[in-house]
$ cat model22.txt   # compact mmCIF, N, CA and C atoms
# COMPACT_ATOMS: atom_id res chain seq x y z
N MET A 1 141.36 115.42 102.44
CA MET A 1 140.05 115.94 102.12
C MET A 1 139.87 115.93 100.61
N VAL A 2 138.84 115.25 100.13
CA VAL A 2 138.55 115.17 98.71
C VAL A 2 137.35 116.05 98.41
N VAL A 3 137.52 116.95 97.44
CA VAL A 3 136.43 117.84 97.05
C VAL A 3 135.52 117.13 96.05
N LYS A 4 136.12 116.46 95.07
CA LYS A 4 135.35 115.81 94.02
C LYS A 4 136.15 114.64 93.47
N VAL A 5 135.46 113.59 93.07
CA VAL A 5 136.08 112.45 92.43
C VAL A 5 135.48 112.34 91.04
N ILE A 6 136.35 112.40 90.01
CA ILE A 6 135.88 112.33 88.63
C ILE A 6 136.65 111.26 87.88
N ARG A 7 136.16 110.93 86.69
CA ARG A 7 136.87 110.03 85.79
C ARG A 7 137.48 110.85 84.67
N CYS A 8 138.67 110.51 84.27
CA CYS A 8 139.32 111.17 83.14
C CYS A 8 138.50 110.88 81.88
N PRO A 9 138.14 111.91 81.10
CA PRO A 9 137.34 111.67 79.91
C PRO A 9 138.11 110.93 78.82
N SER A 10 139.41 110.89 78.91
CA SER A 10 140.21 110.23 77.89
C SER A 10 140.42 108.74 78.18
N CYS A 11 140.84 108.41 79.41
CA CYS A 11 141.19 107.03 79.72
C CYS A 11 140.30 106.38 80.77
N GLY A 12 139.52 107.18 81.50
CA GLY A 12 138.64 106.63 82.52
C GLY A 12 139.26 106.49 83.89
N GLU A 13 140.52 106.92 84.05
CA GLU A 13 141.19 106.86 85.34
C GLU A 13 140.44 107.70 86.38
N VAL A 14 140.34 107.22 87.60
CA VAL A 14 139.68 107.95 88.67
C VAL A 14 140.64 109.01 89.20
N LEU A 15 140.17 110.27 89.23
CA LEU A 15 140.98 111.39 89.71
C LEU A 15 140.33 111.99 90.93
N GLU A 16 141.07 112.08 92.03
CA GLU A 16 140.57 112.69 93.25
C GLU A 16 141.06 114.12 93.32
N LEU A 17 140.13 115.06 93.34
CA LEU A 17 140.48 116.47 93.38
C LEU A 17 140.36 116.96 94.80
N THR A 18 141.46 117.43 95.37
CA THR A 18 141.44 117.92 96.74
C THR A 18 141.13 119.40 96.82
N ASP A 19 141.19 120.07 95.68
CA ASP A 19 140.91 121.49 95.63
C ASP A 19 140.37 121.78 94.23
N MET A 20 139.51 122.76 94.12
CA MET A 20 138.96 123.11 92.81
C MET A 20 138.72 124.60 92.76
N PHE A 21 139.41 125.28 91.86
CA PHE A 21 139.22 126.71 91.71
C PHE A 21 139.37 127.08 90.23
N GLU A 22 138.86 128.22 89.87
CA GLU A 22 138.89 128.71 88.48
C GLU A 22 140.34 128.75 87.98
N GLY A 23 140.59 128.13 86.83
CA GLY A 23 141.91 128.14 86.22
C GLY A 23 142.83 127.03 86.68
N MET A 24 142.39 126.20 87.60
CA MET A 24 143.21 125.10 88.11
C MET A 24 143.46 124.07 87.02
N GLU A 25 144.66 123.53 86.98
CA GLU A 25 144.99 122.48 86.02
C GLU A 25 144.91 121.12 86.72
N ILE A 26 144.26 120.18 86.05
CA ILE A 26 144.14 118.81 86.54
C ILE A 26 144.90 117.93 85.57
N HIS A 27 145.84 117.14 86.08
CA HIS A 27 146.66 116.27 85.23
C HIS A 27 146.30 114.81 85.50
N CYS A 28 146.03 114.08 84.44
CA CYS A 28 145.82 112.64 84.56
C CYS A 28 147.19 111.97 84.43
N GLU A 29 147.61 111.28 85.47
CA GLU A 29 148.92 110.64 85.45
C GLU A 29 148.97 109.44 84.52
N LEU A 30 147.82 108.83 84.23
CA LEU A 30 147.81 107.65 83.39
C LEU A 30 147.99 108.00 81.91
N CYS A 31 147.20 108.94 81.39
CA CYS A 31 147.26 109.25 79.95
C CYS A 31 147.89 110.61 79.65
N GLY A 32 148.12 111.43 80.67
CA GLY A 32 148.76 112.72 80.46
C GLY A 32 147.82 113.86 80.08
N LEU A 33 146.51 113.62 80.06
CA LEU A 33 145.55 114.66 79.70
C LEU A 33 145.57 115.78 80.74
N VAL A 34 145.50 117.02 80.27
CA VAL A 34 145.45 118.18 81.15
C VAL A 34 144.09 118.84 80.98
N LEU A 35 143.39 119.05 82.09
CA LEU A 35 142.09 119.70 82.11
C LEU A 35 142.20 120.99 82.90
N ILE A 36 141.50 122.01 82.45
CA ILE A 36 141.47 123.31 83.14
C ILE A 36 140.05 123.53 83.66
N VAL A 37 139.94 123.92 84.93
CA VAL A 37 138.63 124.21 85.52
C VAL A 37 138.17 125.58 85.04
N LYS A 38 136.96 125.62 84.47
CA LYS A 38 136.37 126.88 84.01
C LYS A 38 134.89 126.84 84.38
N ASP A 39 134.48 127.67 85.33
CA ASP A 39 133.12 127.67 85.88
C ASP A 39 132.79 126.27 86.39
N ASP A 40 131.73 125.65 85.91
CA ASP A 40 131.36 124.29 86.30
C ASP A 40 131.73 123.29 85.21
N GLU A 41 132.76 123.61 84.45
CA GLU A 41 133.16 122.76 83.34
C GLU A 41 134.67 122.52 83.38
N LEU A 42 135.09 121.52 82.62
CA LEU A 42 136.51 121.22 82.48
C LEU A 42 136.87 121.28 81.00
N LEU A 43 137.92 122.00 80.68
CA LEU A 43 138.39 122.16 79.31
C LEU A 43 139.61 121.29 79.10
N ALA A 44 139.55 120.37 78.13
CA ALA A 44 140.69 119.52 77.81
C ALA A 44 141.63 120.31 76.90
N LEU A 45 142.88 120.46 77.29
CA LEU A 45 143.82 121.29 76.53
C LEU A 45 144.17 120.71 75.17
N ASP A 46 144.29 119.40 75.06
CA ASP A 46 144.73 118.83 73.78
C ASP A 46 143.64 118.83 72.70
N THR A 47 142.37 118.75 73.09
CA THR A 47 141.29 118.69 72.10
C THR A 47 140.35 119.88 72.15
N ASN A 48 140.49 120.73 73.17
CA ASN A 48 139.59 121.88 73.39
C ASN A 48 138.14 121.46 73.62
N GLU A 49 137.93 120.22 74.01
CA GLU A 49 136.58 119.76 74.35
C GLU A 49 136.24 120.25 75.75
N VAL A 50 134.95 120.55 75.95
CA VAL A 50 134.48 121.03 77.24
C VAL A 50 133.58 119.95 77.85
N TYR A 51 133.84 119.61 79.12
CA TYR A 51 133.08 118.58 79.82
C TYR A 51 132.45 119.18 81.07
N SER A 52 131.23 118.81 81.33
CA SER A 52 130.58 119.19 82.58
C SER A 52 131.22 118.39 83.71
N ILE A 53 131.49 119.04 84.81
CA ILE A 53 132.09 118.34 85.96
C ILE A 53 131.15 117.23 86.43
N ASP A 54 129.85 117.50 86.43
CA ASP A 54 128.88 116.49 86.88
C ASP A 54 128.87 115.28 85.95
N SER A 55 129.11 115.48 84.65
CA SER A 55 129.10 114.35 83.72
C SER A 55 130.30 113.44 83.92
N LEU A 56 131.37 113.96 84.52
CA LEU A 56 132.57 113.16 84.77
C LEU A 56 132.64 112.63 86.19
N ALA A 57 131.64 112.97 87.00
CA ALA A 57 131.64 112.55 88.40
C ALA A 57 131.70 111.03 88.50
N PHE A 58 132.56 110.56 89.37
CA PHE A 58 132.73 109.12 89.60
C PHE A 58 131.61 108.65 90.51
N GLU A 59 130.89 107.64 90.04
CA GLU A 59 129.80 107.09 90.85
C GLU A 59 130.17 105.69 91.25
N GLU A 60 130.42 105.52 92.53
CA GLU A 60 130.88 104.23 93.04
C GLU A 60 129.79 103.17 92.94
N GLU A 61 128.53 103.58 92.94
CA GLU A 61 127.43 102.62 92.87
C GLU A 61 127.49 101.80 91.60
N GLU A 62 127.87 102.41 90.46
CA GLU A 62 127.97 101.68 89.20
C GLU A 62 128.99 100.56 89.32
N GLU A 63 130.11 100.85 89.94
CA GLU A 63 131.16 99.85 90.12
C GLU A 63 130.65 98.69 90.95
N GLU A 64 129.90 98.97 92.02
CA GLU A 64 129.39 97.91 92.88
C GLU A 64 128.40 97.04 92.14
N GLU A 65 127.53 97.65 91.31
CA GLU A 65 126.56 96.87 90.55
C GLU A 65 127.26 95.93 89.59
N GLU A 66 128.31 96.41 88.90
CA GLU A 66 129.06 95.56 87.99
C GLU A 66 129.71 94.40 88.73
N LEU A 67 130.23 94.67 89.92
CA LEU A 67 130.86 93.63 90.71
C LEU A 67 129.83 92.59 91.14
N GLU A 68 128.64 93.02 91.55
CA GLU A 68 127.60 92.09 91.95
C GLU A 68 127.20 91.20 90.79
N GLU A 69 127.07 91.75 89.59
CA GLU A 69 126.72 90.95 88.42
C GLU A 69 127.80 89.90 88.17
N PHE A 70 129.06 90.29 88.29
CA PHE A 70 130.16 89.36 88.09
C PHE A 70 130.09 88.24 89.11
N GLU A 71 129.86 88.57 90.37
CA GLU A 71 129.82 87.55 91.41
C GLU A 71 128.68 86.58 91.17
N GLU A 72 127.53 87.07 90.72
CA GLU A 72 126.41 86.18 90.45
C GLU A 72 126.75 85.22 89.32
N ASP A 73 127.39 85.73 88.25
CA ASP A 73 127.76 84.88 87.14
C ASP A 73 128.85 83.90 87.55
N TYR A 74 129.77 84.35 88.38
CA TYR A 74 130.90 83.52 88.77
C TYR A 74 130.44 82.32 89.58
N TYR A 75 129.48 82.52 90.46
CA TYR A 75 129.03 81.44 91.33
C TYR A 75 127.79 80.72 90.80
N ASP A 76 127.35 81.09 89.63
CA ASP A 76 126.16 80.46 89.06
C ASP A 76 126.61 79.26 88.23
N TYR A 77 126.71 78.12 88.88
CA TYR A 77 127.13 76.93 88.17
C TYR A 77 126.14 75.80 88.49
N ASP A 78 126.10 74.87 87.61
CA ASP A 78 125.19 73.74 87.76
C ASP A 78 125.96 72.48 87.38
N TYR A 79 126.33 71.73 88.38
CA TYR A 79 127.07 70.50 88.13
C TYR A 79 126.12 69.31 88.16
N ASP A 80 126.32 68.43 87.24
CA ASP A 80 125.56 67.17 87.25
C ASP A 80 126.48 66.09 87.80
N TYR A 81 126.15 65.64 88.98
CA TYR A 81 126.96 64.61 89.59
C TYR A 81 126.34 63.24 89.31
N GLU A 82 127.17 62.36 88.86
CA GLU A 82 126.68 61.00 88.62
C GLU A 82 127.06 60.16 89.83
N GLU A 83 126.09 59.46 90.32
CA GLU A 83 126.34 58.63 91.50
C GLU A 83 126.46 57.18 91.15
$ encode --input "model22.txt" --output "structure tokens"
Amino acid sequence: MVVKVIRCPSCGEVLELTDMFEGMEIHCELCGLVLIVKDDELLALDTNEVYSIDSLAFEEEEEEEELEEFEEDYYDYDYDYEE
């Protein structure tokens, strides 16, 4: 059961949160950043920056749009065949 999917504000790694409660620590395994849940925000321990949980929410639609653009460019070719 996933409660929320966010991106790490430091490296962009996708983090799946299965539980979320006040004071919970979230660890990014890729870059080592530690975030603490405080109300509807996340506090980064190393920089003391505060991030809105909604601003870090992972949106899969953006990824799909980027993939579609890549596919269009990849298959967009024009060959001139000489007979």
$ closest_residue --input "model22.txt" --among "A:Val5, A:Met20, A:Val37, A:Cys31" --to "Tyr51 of chain A" --atoms "only C-alpha atoms"
A:Val37
$ axis_aligned_box --input "model22.txt" --around "segment 45-48 of chain A" --padding-each-side "6 Å" --output "JSON"
{"center_x": 141.4, "center_y": 120.3, "center_z": 74.7, "size_x": 18.6, "size_y": 15.2, "size_z": 17.2}
$ residues_around --input "model22.txt" --residues "Glu25 of chain A" --least-positions-apart "2" --cutoff "8 Å" --atoms "only N, CA and C atoms" --output "PyMOL selection string"
chain A and resi 21-23+27-28+34-37
$ write_last_selection --input "model22.txt" --atoms "N, CA and C atoms" --output "JSON list (two decimals), in the coordinates of the input"
[["chain", "number", "residue", "atom", "x", "y", "z"],
["A", 21, "PHE", "N", 139.41, 125.28, 91.86],
["A", 21, "PHE", "CA", 139.22, 126.71, 91.71],
["A", 21, "PHE", "C", 139.37, 127.08, 90.23],
["A", 22, "GLU", "N", 138.86, 128.22, 89.87],
["A", 22, "GLU", "CA", 138.89, 128.71, 88.48],
["A", 22, "GLU", "C", 140.34, 128.75, 87.98],
["A", 23, "GLY", "N", 140.59, 128.13, 86.83],
["A", 23, "GLY", "CA", 141.91, 128.14, 86.22],
["A", 23, "GLY", "C", 142.83, 127.03, 86.68],
["A", 27, "HIS", "N", 145.84, 117.14, 86.08],
["A", 27, "HIS", "CA", 146.66, 116.27, 85.23],
["A", 27, "HIS", "C", 146.30, 114.81, 85.50],
["A", 28, "CYS", "N", 146.03, 114.08, 84.44],
["A", 28, "CYS", "CA", 145.82, 112.64, 84.56],
["A", 28, "CYS", "C", 147.19, 111.97, 84.43],
["A", 34, "VAL", "N", 145.50, 117.02, 80.27],
["A", 34, "VAL", "CA", 145.45, 118.18, 81.15],
["A", 34, "VAL", "C", 144.09, 118.84, 80.98],
["A", 35, "LEU", "N", 143.39, 119.05, 82.09],
["A", 35, "LEU", "CA", 142.09, 119.70, 82.11],
["A", 35, "LEU", "C", 142.20, 120.99, 82.90],
["A", 36, "ILE", "N", 141.50, 122.01, 82.45],
["A", 36, "ILE", "CA", 141.47, 123.31, 83.14],
["A", 36, "ILE", "C", 140.05, 123.53, 83.66],
["A", 37, "VAL", "N", 139.94, 123.92, 84.93],
["A", 37, "VAL", "CA", 138.63, 124.21, 85.52],
["A", 37, "VAL", "C", 138.17, 125.58, 85.04]]
$ atom_distance --input "model22.txt" --atom1 "atom CA of Glu16 of chain A" --atom2 "atom CA of Thr47 of chain A"
22.0 Å
$ atom_distance --input "model22.txt" --atom1 "atom CA of Asp46 of chain A" --atom2 "atom CA of Ile26 of chain A"
12.8 Å
